[in-house]
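Enquirer: This is the content of protein-v9.csv (CSV, C-alpha atoms):
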```
chain,number,residue,atom,x,y,z
A,9,MET,CA,0.0,0.0,0.0
A,10,ALA,CA,1.3,3.4,-0.9
A,11,ILE,CA,2.7,5.6,1.8
A,12,LYS,CA,0.4,8.4,2.8
A,13,LYS,CA,1.3,11.9,4.0
A,14,PHE,CA,0.1,12.2,7.6
A,15,MET,CA,0.0,15.6,9.3
A,16,TYR,CA,-0.7,16.2,13.0
A,17,ILE,CA,-1.9,19.8,13.5
A,18,ASN,CA,-1.4,20.9,17.1
A,19,ARG,CA,-3.2,24.1,18.1
A,20,LYS,CA,-3.6,23.7,21.9
A,21,ALA,CA,-1.4,24.6,24.8
A,22,PRO,CA,-0.1,21.9,27.1
A,23,TYR,CA,-1.4,21.1,30.6
A,24,GLY,CA,-4.5,23.2,30.6
A,25,THR,CA,-6.2,20.5,28.6
A,26,ILE,CA,-5.0,17.0,27.7
A,27,TYR,CA,-5.1,17.4,23.9
A,28,ALA,CA,-1.3,18.1,23.6
A,29,LEU,CA,-0.3,15.0,25.6
A,30,GLU,CA,-2.7,12.6,23.9
A,31,SER,CA,-1.8,14.0,20.5
A,32,LEU,CA,1.8,13.2,21.2
A,33,GLU,CA,0.8,9.7,22.1
A,34,VAL,CA,-0.8,9.3,18.7
A,35,VAL,CA,2.4,10.6,17.0
A,36,LEU,CA,4.6,8.0,18.9
A,37,ILE,CA,2.3,5.1,18.0
A,38,GLY,CA,1.9,6.4,14.4
A,39,ALA,CA,5.7,6.4,13.9
A,40,ALA,CA,5.7,2.6,13.8
A,41,PHE,CA,3.5,2.7,10.6
A,42,ASP,CA,6.2,4.0,8.3
A,43,GLN,CA,4.1,6.8,6.8
A,44,ASP,CA,5.3,10.2,5.7
A,45,VAL,CA,4.7,12.1,9.0
A,46,SER,CA,4.9,15.8,9.7
A,47,LEU,CA,3.8,17.9,12.7
A,48,ALA,CA,2.5,21.4,12.6
A,49,PHE,CA,2.3,23.8,15.6
A,50,ILE,CA,-0.1,26.6,15.1
A,51,GLY,CA,-1.6,29.2,17.5
A,52,ASP,CA,-1.3,28.2,21.1
A,53,GLY,CA,0.1,24.9,19.9
A,54,VAL,CA,3.5,26.5,19.8
A,55,TYR,CA,3.5,26.7,23.6
A,56,GLN,CA,3.9,22.9,23.6
A,57,LEU,CA,7.5,23.3,22.4
A,58,VAL,CA,8.6,26.0,24.8
A,59,LYS,CA,11.8,24.9,26.6
A,60,GLY,CA,12.2,24.9,30.4
A,61,GLN,CA,8.8,23.5,31.3
A,62,ASN,CA,8.6,22.4,34.9
A,63,THR,CA,5.4,20.8,36.0
A,64,GLN,CA,6.5,19.7,39.4
A,65,ALA,CA,4.2,22.0,41.4
A,66,ILE,CA,1.1,21.3,39.4
A,67,GLY,CA,1.3,17.6,39.9
A,68,GLN,CA,1.3,16.7,36.2
A,69,LYS,CA,3.9,14.8,34.2
A,70,ASN,CA,6.2,17.0,32.2
A,71,PHE,CA,5.9,15.4,28.8
A,72,SER,CA,7.9,18.0,26.9
A,73,PRO,CA,11.2,15.9,26.8
A,74,THR,CA,9.3,13.5,24.5
A,75,TYR,CA,9.4,16.1,21.7
A,76,ALA,CA,13.2,15.8,21.8
A,77,ALA,CA,12.9,12.0,21.2
A,78,LEU,CA,10.8,12.4,18.1
A,79,GLY,CA,13.9,12.5,15.9
A,80,ASP,CA,14.7,8.9,17.0
A,81,TYR,CA,11.3,7.9,15.7
A,82,ASP,CA,12.0,9.4,12.3
A,83,VAL,CA,9.6,12.2,13.0
A,84,ASN,CA,11.7,15.1,11.8
A,85,LYS,CA,9.4,17.4,9.9
A,86,ILE,CA,8.2,19.8,12.6
A,87,TYR,CA,6.6,22.9,11.2
A,88,VAL,CA,6.2,25.9,13.5
A,89,GLU,CA,4.2,28.8,12.2
A,90,LYS,CA,6.2,32.0,12.4
A,91,GLU,CA,3.2,34.3,12.9
A,92,SER,CA,2.0,32.3,15.9
A,93,LEU,CA,5.3,32.6,17.6
A,94,GLU,CA,5.5,36.3,16.9
A,95,GLU,CA,2.0,37.0,18.1
A,96,ARG,CA,3.0,35.4,21.4
A,97,GLY,CA,6.2,37.2,21.8
A,98,LEU,CA,8.3,34.1,21.2
A,99,THR,CA,11.2,33.3,19.0
A,100,LEU,CA,12.8,30.0,17.9
A,101,TYR,CA,15.2,30.4,20.9
A,102,ASP,CA,12.4,30.1,23.3
A,103,LEU,CA,11.6,26.6,21.9
A,104,GLN,CA,13.4,23.3,22.5
A,105,HIS,CA,16.2,22.6,20.0
A,106,LEU,CA,14.9,19.5,18.2
A,107,VAL,CA,17.2,17.5,16.1
A,108,TRP,CA,17.5,14.3,14.2
A,109,GLU,CA,20.3,12.2,12.8
A,110,ASP,CA,20.4,11.8,9.0
A,111,GLU,CA,21.5,8.2,8.4
A,112,ASP,CA,22.2,9.0,4.7
A,113,GLU,CA,24.7,11.7,5.7
A,114,ASP,CA,26.8,9.7,8.2
A,115,TRP,CA,24.4,10.5,11.0
A,116,ALA,CA,24.8,14.2,10.7
A,117,GLU,CA,22.7,16.1,13.2
A,118,LYS,CA,20.0,18.2,11.6
A,119,ASP,CA,17.3,20.6,12.9
A,120,SER,CA,13.8,19.1,13.0
A,121,ILE,CA,12.0,22.4,13.4
A,122,ARG,CA,11.1,24.3,10.2
A,123,LEU,CA,10.0,27.8,10.9
A,124,VAL,CA,7.5,28.6,8.2
A,125,SER,CA,5.1,31.4,7.4
A,126,ARG,CA,1.4,30.8,7.4
A,127,SER,CA,1.2,30.8,3.6
A,128,GLU,CA,4.1,28.3,3.4
A,129,LEU,CA,2.5,26.1,5.9
A,130,ALA,CA,-0.8,26.3,4.0
A,131,ASP,CA,1.0,24.9,1.0
A,132,VAL,CA,2.3,22.0,3.1
A,133,ILE,CA,-1.1,21.2,4.6
A,134,ASP,CA,-2.6,21.3,1.1
A,135,GLU,CA,-0.3,18.3,0.1
A,136,GLN,CA,-1.4,16.1,3.0
A,137,ASP,CA,-3.5,12.9,2.6
A,138,VAL,CA,-4.6,12.6,6.2
A,139,ILE,CA,-4.9,15.5,8.7
A,140,LEU,CA,-5.3,14.7,12.4
A,141,SER,CA,-6.4,17.8,14.3
A,142,PHE,CA,-6.0,18.2,18.0
B,3,MET,CA,-5.6,19.7,-3.9
B,4,ALA,CA,-8.7,21.3,-2.5
B,5,LEU,CA,-9.2,21.2,1.2
B,6,LEU,CA,-12.5,21.3,3.2
B,7,HIS,CA,-12.1,23.3,6.3
B,8,THR,CA,-14.6,23.0,9.2
B,9,VAL,CA,-15.0,25.7,11.8
B,10,ASN,CA,-17.1,24.8,14.9
B,11,LYS,CA,-16.5,27.8,17.2
B,12,SER,CA,-18.0,31.2,17.3
B,13,PRO,CA,-15.7,33.8,15.7
B,14,PHE,CA,-16.5,36.1,18.7
B,15,GLU,CA,-15.1,33.6,21.2
B,16,SER,CA,-12.2,32.0,19.3
B,17,SER,CA,-9.6,32.8,16.7
B,18,SER,CA,-10.3,29.5,14.9
B,19,PHE,CA,-12.1,31.2,12.0
B,20,ASP,CA,-9.4,33.8,11.5
B,21,THR,CA,-6.7,31.1,11.6
B,22,CYS,CA,-8.7,29.0,9.2
B,23,LEU,CA,-9.1,31.9,6.8
B,24,GLY,CA,-5.4,32.4,6.8
B,25,TYR,CA,-5.0,28.8,5.7
B,26,ALA,CA,-7.8,28.6,3.1
B,27,LYS,CA,-6.3,28.6,-0.3
B,28,ASP,CA,-8.1,29.3,-3.6
B,29,GLY,CA,-10.5,26.4,-4.4
B,30,SER,CA,-11.0,25.4,-0.8
B,31,THR,CA,-14.2,25.4,1.1
B,32,ILE,CA,-14.9,26.6,4.6
B,33,LEU,CA,-17.9,24.9,6.3
B,34,PHE,CA,-19.3,26.4,9.4
B,35,ILE,CA,-20.8,23.8,11.9
B,36,GLU,CA,-22.0,23.9,15.5
B,37,ASP,CA,-21.1,27.2,17.1
B,38,GLY,CA,-19.1,28.1,14.0
B,39,VAL,CA,-22.4,29.1,12.3
B,40,TYR,CA,-22.4,32.4,14.1
B,41,ALA,CA,-19.8,33.5,11.6
B,42,ALA,CA,-22.3,33.0,8.8
B,43,THR,CA,-24.8,35.7,9.8
B,44,THR,CA,-25.0,39.4,8.7
B,45,GLY,CA,-24.3,42.6,10.5
B,46,HIS,CA,-21.0,42.1,12.0
B,47,SER,CA,-17.3,42.5,11.2
B,48,VAL,CA,-16.8,38.8,10.4
B,49,ALA,CA,-19.3,39.1,7.5
B,50,ASP,CA,-16.9,41.5,5.7
B,51,LYS,CA,-14.0,39.0,6.1
B,52,ILE,CA,-16.2,36.4,4.3
B,53,LYS,CA,-17.2,38.8,1.6
B,54,ASN,CA,-13.6,39.7,0.9
B,55,ALA,CA,-12.3,36.2,0.8
B,56,SER,CA,-12.3,35.6,-2.9
B,57,GLY,CA,-11.4,32.2,-4.3
B,58,VAL,CA,-12.8,30.5,-1.2
B,59,SER,CA,-16.3,29.0,-1.0
B,60,PHE,CA,-18.3,29.1,2.1
B,61,ALA,CA,-21.0,26.8,3.4
B,62,VAL,CA,-23.0,26.5,6.6
B,63,LEU,CA,-24.6,23.5,8.2
B,64,GLY,CA,-28.4,24.4,8.0
B,65,PRO,CA,-29.5,22.2,11.0
B,66,ASP,CA,-27.1,24.1,13.2
B,67,LEU,CA,-28.2,27.5,11.9
B,68,GLN,CA,-31.9,26.6,12.4
B,69,ALA,CA,-31.2,25.2,15.9
B,70,ARG,CA,-29.8,28.6,16.9
B,71,GLY,CA,-32.7,30.6,15.3
B,72,LEU,CA,-30.5,32.4,12.8
B,73,GLU,CA,-31.8,31.2,9.4
B,74,SER,CA,-33.2,34.6,8.6
B,75,LYS,CA,-29.8,36.3,9.4
B,76,LEU,CA,-27.8,34.3,6.9
B,77,ALA,CA,-25.2,36.3,5.0
B,78,ASP,CA,-25.2,36.4,1.2
B,79,GLY,CA,-22.8,34.0,-0.6
B,80,ILE,CA,-22.9,31.2,1.9
B,81,LYS,CA,-24.4,27.9,0.8
B,82,VAL,CA,-26.6,26.1,3.2
B,83,VAL,CA,-26.1,22.4,3.4
B,84,ASP,CA,-27.7,19.6,5.4
B,85,TYR,CA,-25.8,16.5,6.7
B,86,ASP,CA,-26.0,14.9,3.3
B,87,GLY,CA,-24.5,18.1,1.8
B,88,PHE,CA,-21.7,17.9,4.5
B,89,VAL,CA,-21.0,14.3,3.4
B,90,ASN,CA,-20.9,15.4,-0.2
B,91,LEU,CA,-18.5,18.3,0.6
B,92,VAL,CA,-16.1,15.8,2.3
B,93,ALA,CA,-16.3,13.5,-0.7
B,94,GLU,CA,-15.7,16.3,-3.2
B,95,HIS,CA,-12.6,17.7,-1.5
B,96,ASP,CA,-9.2,15.9,-1.2
B,97,SER,CA,-9.0,16.0,2.6
B,98,VAL,CA,-10.6,17.7,5.6
B,99,GLN,CA,-9.0,19.9,8.2
B,100,SER,CA,-11.2,20.5,11.3
B,101,TRP,CA,-10.1,23.7,13.1
B,102,LEU,CA,-11.0,22.5,16.5
C,1,MET,CA,-16.1,6.2,-0.8
C,2,LYS,CA,-14.5,4.9,2.4
C,3,PHE,CA,-14.7,7.2,5.4
C,4,SER,CA,-13.3,7.1,8.9
C,5,ILE,CA,-14.5,9.2,11.8
C,6,GLN,CA,-12.6,10.4,14.8
C,7,ILE,CA,-14.5,11.8,17.9
C,8,ASN,CA,-12.6,13.7,20.5
C,9,GLU,CA,-15.3,14.8,22.9
C,10,GLY,CA,-17.7,13.0,25.2
C,11,PRO,CA,-21.5,13.2,24.9
C,12,TYR,CA,-23.6,16.2,26.0
C,13,GLN,CA,-20.8,18.5,27.1
C,14,HIS,CA,-20.1,19.3,23.5
C,15,GLN,CA,-22.0,18.8,20.2
C,16,ALA,CA,-19.1,16.9,18.6
C,17,SER,CA,-20.6,13.4,19.1
C,18,ASP,CA,-24.0,14.5,17.9
C,19,THR,CA,-22.6,16.0,14.7
C,20,ALA,CA,-20.4,13.0,14.1
C,21,TYR,CA,-23.4,10.7,14.6
C,22,GLN,CA,-25.6,12.7,12.1
C,23,PHE,CA,-22.7,12.8,9.7
C,24,THR,CA,-22.0,9.1,9.9
C,25,LYS,CA,-25.7,8.3,9.5
C,26,ALA,CA,-25.9,10.5,6.4
C,27,ALA,CA,-22.7,9.0,4.9
C,28,LEU,CA,-24.1,5.5,5.3
C,29,ALA,CA,-27.4,6.6,3.8
C,30,ALA,CA,-25.6,8.0,0.8
C,31,GLY,CA,-23.9,4.6,0.2
C,32,HIS,CA,-20.5,5.4,1.6
C,33,GLU,CA,-18.6,2.9,3.6
C,34,ILE,CA,-17.6,3.7,7.2
C,35,PHE,CA,-14.3,1.9,7.7
C,36,ARG,CA,-14.0,2.8,11.4
C,37,VAL,CA,-15.3,5.2,14.1
C,38,PHE,CA,-12.5,6.0,16.5
C,39,PHE,CA,-13.2,7.5,19.9
C,40,TYR,CA,-10.3,9.4,21.5
C,41,HIS,CA,-9.7,11.9,24.3
C,42,ASP,CA,-13.0,12.4,26.2
C,43,GLY,CA,-14.7,10.8,23.2
C,44,VAL,CA,-14.2,7.5,24.9
C,45,ASN,CA,-17.0,8.4,27.3
C,46,ASN,CA,-19.5,7.9,24.4
C,47,ALA,CA,-19.0,4.2,24.9
C,48,THR,CA,-20.5,4.0,28.4
C,49,ARG,CA,-23.4,1.6,28.8
C,50,LEU,CA,-24.5,3.3,32.0
C,51,ALA,CA,-25.7,6.7,30.9
C,52,VAL,CA,-29.3,7.5,31.8
C,53,PRO,CA,-30.2,10.9,30.2
C,54,PRO,CA,-33.7,12.4,30.9
C,55,GLN,CA,-36.4,10.7,28.8
C,56,ASP,CA,-37.1,13.8,26.7
C,57,ASP,CA,-33.5,14.0,25.6
C,58,ARG,CA,-31.6,11.9,23.1
C,59,ASN,CA,-29.5,9.0,24.4
C,60,ILE,CA,-26.3,9.6,22.4
C,61,GLY,CA,-24.5,6.4,23.5
C,62,LYS,CA,-27.6,4.4,22.6
C,63,LEU,CA,-27.9,6.1,19.2
C,64,TRP,CA,-24.3,5.1,18.5
C,65,GLN,CA,-24.9,1.5,19.7
C,66,GLU,CA,-28.0,1.2,17.4
C,67,LEU,CA,-26.3,2.7,14.4
C,68,GLY,CA,-23.3,0.5,15.0
C,69,LYS,CA,-25.4,-2.7,15.2
C,70,GLU,CA,-27.6,-1.8,12.2
C,71,ASN,CA,-24.6,-1.2,10.0
C,72,ASN,CA,-22.0,-3.5,11.6
C,73,LEU,CA,-19.7,-0.5,12.3
C,74,ASP,CA,-16.3,-1.0,13.7
C,75,MET,CA,-16.5,1.4,16.7
C,76,VAL,CA,-13.2,1.5,18.5
C,77,VAL,CA,-12.4,3.1,21.9
C,78,CYS,CA,-8.8,4.1,22.4
C,79,ILE,CA,-7.5,1.9,25.2
C,80,ALA,CA,-5.0,4.4,26.6
C,81,ALA,CA,-7.6,7.2,26.7
C,82,ALA,CA,-10.2,4.8,28.1
C,83,GLN,CA,-8.0,3.5,31.0
C,84,ARG,CA,-7.2,7.0,32.1
C,85,ARG,CA,-10.9,7.8,32.3
C,86,GLY,CA,-12.2,4.6,33.9
C,87,MET,CA,-13.8,3.2,30.8
C,88,MET,CA,-13.4,-0.6,30.8
C,89,ASP,CA,-14.8,-3.5,28.9
C,90,ALA,CA,-15.2,-6.8,30.7
C,91,ASP,CA,-11.9,-8.3,29.7
C,92,GLU,CA,-10.0,-5.2,30.6
C,93,ALA,CA,-11.7,-4.8,33.9
C,94,LYS,CA,-10.8,-8.4,34.8
C,95,ARG,CA,-7.2,-7.8,33.8
C,96,GLN,CA,-7.0,-4.7,35.9
C,97,GLY,CA,-8.7,-6.4,38.9
C,98,LEU,CA,-11.7,-4.1,38.8
C,99,ASP,CA,-15.2,-5.1,40.1
C,100,THR,CA,-17.1,-3.8,37.1
C,101,ASP,CA,-17.1,-2.8,33.5
C,102,ASN,CA,-18.9,0.0,31.7
C,103,ILE,CA,-18.4,-0.2,28.0
C,104,ALA,CA,-21.4,-1.2,25.8
C,105,ALA,CA,-21.0,-4.3,23.7
C,106,ALA,CA,-21.2,-2.3,20.4
C,107,PHE,CA,-17.8,-0.9,21.0
C,108,ARG,CA,-14.4,-2.5,21.2
C,109,ILE,CA,-11.3,-1.4,23.0
C,110,SER,CA,-8.1,-1.2,21.0
C,111,GLY,CA,-4.9,0.8,20.6
C,112,LEU,CA,-4.1,4.0,18.8
C,113,GLY,CA,-2.7,2.1,15.9
C,114,GLN,CA,-6.3,1.6,14.9
C,115,LEU,CA,-6.6,5.3,14.3
C,116,ILE,CA,-3.5,5.4,12.1
C,117,GLU,CA,-4.7,2.3,10.3
C,118,ALA,CA,-8.0,4.0,9.7
C,119,GLY,CA,-6.1,7.0,8.1
C,120,ILE,CA,-4.2,4.7,5.9
C,121,ASN,CA,-7.2,2.6,4.7
C,122,SER,CA,-9.8,5.3,4.3
C,123,ASP,CA,-10.3,7.8,1.5
C,124,ARG,CA,-11.3,10.5,4.1
C,125,LEU,CA,-10.8,10.9,7.8
C,126,VAL,CA,-13.1,13.4,9.4
C,127,VAL,CA,-12.4,14.7,13.0
C,128,PHE,CA,-15.1,15.9,15.3
C,129,GLY,CA,-14.1,17.7,18.5
C,130,ALA,CA,-14.1,20.8,20.6
```
Taking this structure as input, can you express it in the form of C-alpha cells?

Expert:
Amino acid sequence: MAIKKFMYINRKAPYGTIYALESLEVVLIGAAFDQDVSLAFIGDGVYQLVKGQNTQAIGQKNFSPTYAALGDYDVNKIYVEKESLEERGLTLYDLQHLVWEDEDEDWAEKDSIRLVSRSELADVIDEQDVILSF
Amino acid sequence: MALLHTVNKSPFESSSFDTCLGYAKDGSTILFIEDGVYAATTGHSVADKIKNASGVSFAVLGPDLQARGLESKLADGIKVVDYDGFVNLVAEHDSVQSWL
Amino acid sequence: MKFSIQINEGPYQHQASDTAYQFTKAALAAGHEIFRVFFYHDGVNNATRLAVPPQDDRNIGKLWQELGKENNLDMVVCIAAAQRRGMMDADEAKRQGLDTDNIAAAFRISGLGQLIEAGINSDRLVVFGA
C-alpha cells in the first residue's frame, strides 16, 4: 500500500487540557507505521515546544522531553508557524532545539524544526492525505 | 488539492475562524458547523471577512443554523447544506481539516 | 467512498458526538462505507453503557450503539484514553482487577494504531471535537 502523508496539527497549549499530551501519544504510535509524517504547531500549539517546562508544582507529568525524542522515531518534519510565535512574543530560541540524525549523511545532526510562514504552511497542509487535528 | 475546512467555534469567542481563513487557499471550502455558524450571519465584522475572501467557497450546516434561530440572518454568498451536503463536501474535497 | 470518523469529545458536554453521529448516518445513507469510528480523548465516554439521560433528551450512547449494530460499524475506543478515564470492557476490567465494566458491547477497545490504520485505509478521515 502506498505511503500516505500524515499531518498532525497541534493548536492547543499543554497542561490546561489533555489534547497536547494525547496528540503526542498518537504521533509516537503512528511512527511505527512508516508513513510520511509531519507535525504542525499553530496558534497556542507553539507553547507545547517552549523549553524549560517544569510541572512539578502542578502535579502533572512533564511530557515536553518527549518532543526531543521524536527524531529517534523518524519524525523530523516539525513545522512551526512564524506568525503564531511572533503573536505570542516568542522566538525560535524560546523553543526546544529539536534535532534528528540523518543516516544518509553519516548520521549528521540536523534541525527538525522548520520555521515557516502561514502561507508556506498552508501549501504543506494542502499536500497532505490525512490530517489529524488536536 | 482542494481542502475542506470546518470551523465549529463562534468567531467572537475563538480565533479559529481567523486562523482557518489564513490557511484557506483558492479552491478550498470553509464549512461552518456547531457554534461556528455564528460567523455565517449578517451585520458584524466577520461578515466582511467572508465577503472579501475571494477564491474560497463558504457553506454552513443548516441544521445548526436553524437550531440557533439564525436562518433569517444568513449572510449572502454562503451555501446552506444539510448533513447529506456535509458528506458530499467531504467526498468532493481531497481532505478535511477540522479547526477544533 | 471509504470514510473514517474520529470523535474527540464525550456526549452532552459538546456537540461533537451529535454532529459525528448525524454525519455518519448521512454518509451510510448515501452509500458510503464507514471503515471505522474511533473514539479518542474524552470521546471514549460515548461508549458507556450506564448513561441515563432524561427521557425527553436523546441518548447519544444508545444512538451510536444502534447505528453500530444496524450497520455493523467498527466502533473503536482508544485503550490508553479509556483506561485514564475509567472506561473498561469486561476483559480489561478483569485484567485490571476491577469489580465492574462499563463499555457497551457495540464498542471494542483497542490501541491508537487503529486510528493510524483508519487513516491509511480510508479515503477520508473526518475529525469531530471541541

Enquirer: What does the distance between atom CA of Tyr85 of chain B and atom CA of Pro65 of chain B come to in Å, to one decimal place?

Expert: 8.0 Å

Enquirer: Contacts between chain A and chain B, please, where a residue of chain B counts if it comes within 9 Å (with only C-alpha atoms); show its shortest atom pair and distance in Å to one decimal, rows by chain and ascending number, as a tab-separated table.

Expert:
```
residue	atom	partner	partner_atom	distance
B:Met3	CA	A:Asp134	CA	6.0
B:Ala4	CA	A:Asp134	CA	7.1
B:Leu5	CA	A:Asp134	CA	6.6
B:Ser17	CA	A:Gly51	CA	8.8
B:Thr21	CA	A:Gly51	CA	8.0
B:Gly24	CA	A:Arg126	CA	7.0
B:Tyr25	CA	A:Ala130	CA	5.2
B:Ala26	CA	A:Ala130	CA	7.4
B:Lys27	CA	A:Ala130	CA	7.4
B:Asp96	CA	A:Asp137	CA	7.5
B:Ser97	CA	A:Asp137	CA	6.3
B:Val98	CA	A:Ile139	CA	6.9
B:Gln99	CA	A:Ile139	CA	6.0
B:Ser100	CA	A:Ser141	CA	6.3
B:Trp101	CA	A:Ser141	CA	7.1
B:Leu102	CA	A:Phe142	CA	6.8
```

Enquirer: Any idea what's packed within 12 Å of Gly71 of chain B, counting all atoms listed in the file, ignoring anything in its chain fewer than 4 positions away? Could you give it as a PDB file with C-alpha atoms, keeping the file's coordinate frame?

Expert:
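Writing the result to out_34.pdb gives the following:
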```
ATOM      1  CA  VAL B  39     -22.400  29.100  12.300  1.00  0.00           C
ATOM      2  CA  TYR B  40     -22.400  32.400  14.100  1.00  0.00           C
ATOM      3  CA  THR B  43     -24.800  35.700   9.800  1.00  0.00           C
ATOM      4  CA  GLY B  64     -28.400  24.400   8.000  1.00  0.00           C
ATOM      5  CA  PRO B  65     -29.500  22.200  11.000  1.00  0.00           C
ATOM      6  CA  ASP B  66     -27.100  24.100  13.200  1.00  0.00           C
ATOM      7  CA  LEU B  67     -28.200  27.500  11.900  1.00  0.00           C
ATOM      8  CA  LYS B  75     -29.800  36.300   9.400  1.00  0.00           C
ATOM      9  CA  LEU B  76     -27.800  34.300   6.900  1.00  0.00           C
TER      10      LEU B  76
END
```

Enquirer: Would you work out the distance separating atom CA of Asp82 of chain A from atom CA of Ala21 of chain A, expressed in Å to one decimal?

Expert: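 Between atom CA of Asp82 of chain A and atom CA of Ala21 of chain A the gap works out to 23.8 Å.
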
Enquirer: Quick one: distance from atom CA of Leu123 of chain A to atom CA of Leu36 of chain A in Å, one decimal?

Expert: 22.0 Å

Enquirer: Considering only C-alpha atoms, extract the chain A residues located within 12 Å of chain C and return them as a CSV table (one decimal) with C-alpha atoms, in the coordinates of the input.

Expert:
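The result, stored in part04.csv:
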```csv
chain,number,residue,atom,x,y,z
A,9,MET,CA,0.0,0.0,0.0
A,10,ALA,CA,1.3,3.4,-0.9
A,11,ILE,CA,2.7,5.6,1.8
A,12,LYS,CA,0.4,8.4,2.8
A,13,LYS,CA,1.3,11.9,4.0
A,14,PHE,CA,0.1,12.2,7.6
A,15,MET,CA,0.0,15.6,9.3
A,16,TYR,CA,-0.7,16.2,13.0
A,17,ILE,CA,-1.9,19.8,13.5
A,19,ARG,CA,-3.2,24.1,18.1
A,20,LYS,CA,-3.6,23.7,21.9
A,25,THR,CA,-6.2,20.5,28.6
A,26,ILE,CA,-5.0,17.0,27.7
A,27,TYR,CA,-5.1,17.4,23.9
A,28,ALA,CA,-1.3,18.1,23.6
A,29,LEU,CA,-0.3,15.0,25.6
A,30,GLU,CA,-2.7,12.6,23.9
A,31,SER,CA,-1.8,14.0,20.5
A,32,LEU,CA,1.8,13.2,21.2
A,33,GLU,CA,0.8,9.7,22.1
A,34,VAL,CA,-0.8,9.3,18.7
A,35,VAL,CA,2.4,10.6,17.0
A,36,LEU,CA,4.6,8.0,18.9
A,37,ILE,CA,2.3,5.1,18.0
A,38,GLY,CA,1.9,6.4,14.4
A,39,ALA,CA,5.7,6.4,13.9
A,40,ALA,CA,5.7,2.6,13.8
A,41,PHE,CA,3.5,2.7,10.6
A,42,ASP,CA,6.2,4.0,8.3
A,43,GLN,CA,4.1,6.8,6.8
A,44,ASP,CA,5.3,10.2,5.7
A,45,VAL,CA,4.7,12.1,9.0
A,136,GLN,CA,-1.4,16.1,3.0
A,137,ASP,CA,-3.5,12.9,2.6
A,138,VAL,CA,-4.6,12.6,6.2
A,139,ILE,CA,-4.9,15.5,8.7
A,140,LEU,CA,-5.3,14.7,12.4
A,141,SER,CA,-6.4,17.8,14.3
A,142,PHE,CA,-6.0,18.2,18.0
```

Enquirer: With a distance cut-off of 9 Å and only C-alpha atoms, select the neighbouring residues of Val44 of chain C, excluding the residue or stretch itself and same-chain residues fewer than 5 positions from it, and output the selection as a ChimeraX atom specification.

Expert: /C:7-10,38-39,76-79,81-82,85,87

Enquirer: Nearest to chain B: which of C:Gln13, C:Ile34, C:Phe23, C:Arg84 is it, counting all atoms listed in the file?

Expert: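 For chain B, the nearest of the given residues is C:Phe23.
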
Enquirer: For Ala51 of chain C, work out the shell of residues within 10 Å, counting only C-alpha atoms and skipping chain neighbours fewer than 2 positions away, then give it as a PyMOL selection string.

Expert: chain C and resi 11+45-49+53-54+59-62+102

Enquirer: Within 12 Å of Thr63 of chain A, counting all atoms listed in the file, which residues qualify if same-chain residues fewer than 3 places away don't, as a list in words?

Expert: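 Using all atoms listed in the file, the neighbours found are Pro22, Tyr23, Gly24, Gly60, Ile66, Gly67, Gln68, Lys69, Asn70, Phe71, Ser72 and Pro73 of chain A.
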
Enquirer: From the set C:Arg36, C:Gln22, C:Phe107, C:Leu98, which residue has the shortest atom-to-atom contact distance to Lys2 of chain C, counting all atoms listed in the file?

Expert: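 For Lys2 of chain C, the nearest of the given residues is C:Arg36.
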
Enquirer: From the list B:Leu72, B:Asp37, B:Lys81, B:Asp20, which residue is nearest chain C when using all atoms listed in the file?

Expert: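 Ranked by minimum distance to chain C, first place goes to B:Asp37.
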
Enquirer: Counting all atoms listed in the file, which residue out of B:Ile52, B:Ile35, B:Ala69, B:Val83 sits closest to chain C?

Expert: B:Ile35

Enquirer: Could you check the closest approach to chain C for each of B:Gly45, B:Gly29, B:Gly57, B:Gly38 and tell me which residue wins, using only C-alpha atoms?

Expert: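 The shortest atom-to-atom distance to chain C comes from B:Gly38.
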
Enquirer: Export N, CA and C atoms of segment 90-100 of chain A from the structure just given, as a CSV table (one decimal), in the first residue's frame?

Expert:
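Here's the written file out.csv:
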```csv
chain,number,residue,atom,x,y,z
A,90,LYS,N,5.5,30.8,12.0
A,90,LYS,CA,6.2,32.0,12.4
A,90,LYS,C,5.3,33.1,13.0
A,91,GLU,N,4.1,33.3,12.4
A,91,GLU,CA,3.2,34.3,12.9
A,91,GLU,C,2.7,34.0,14.3
A,92,SER,N,2.5,32.7,14.5
A,92,SER,CA,2.0,32.3,15.9
A,92,SER,C,3.0,32.6,16.9
A,93,LEU,N,4.3,32.3,16.6
A,93,LEU,CA,5.3,32.6,17.6
A,93,LEU,C,5.4,34.1,17.8
A,94,GLU,N,5.4,34.9,16.8
A,94,GLU,CA,5.5,36.3,16.9
A,94,GLU,C,4.4,36.9,17.7
A,95,GLU,N,3.2,36.5,17.4
A,95,GLU,CA,2.0,37.0,18.1
A,95,GLU,C,2.1,36.8,19.6
A,96,ARG,N,2.8,35.7,20.0
A,96,ARG,CA,3.0,35.4,21.4
A,96,ARG,C,4.3,35.8,22.0
A,97,GLY,N,5.0,36.7,21.3
A,97,GLY,CA,6.2,37.2,21.8
A,97,GLY,C,7.3,36.2,22.0
A,98,LEU,N,7.3,35.2,21.2
A,98,LEU,CA,8.3,34.1,21.2
A,98,LEU,C,9.2,34.1,20.0
A,99,THR,N,10.4,33.6,20.2
A,99,THR,CA,11.2,33.3,19.0
A,99,THR,C,11.6,31.8,19.0
A,100,LEU,N,12.3,31.4,18.0
A,100,LEU,CA,12.8,30.0,17.9
A,100,LEU,C,13.7,29.7,19.1
```
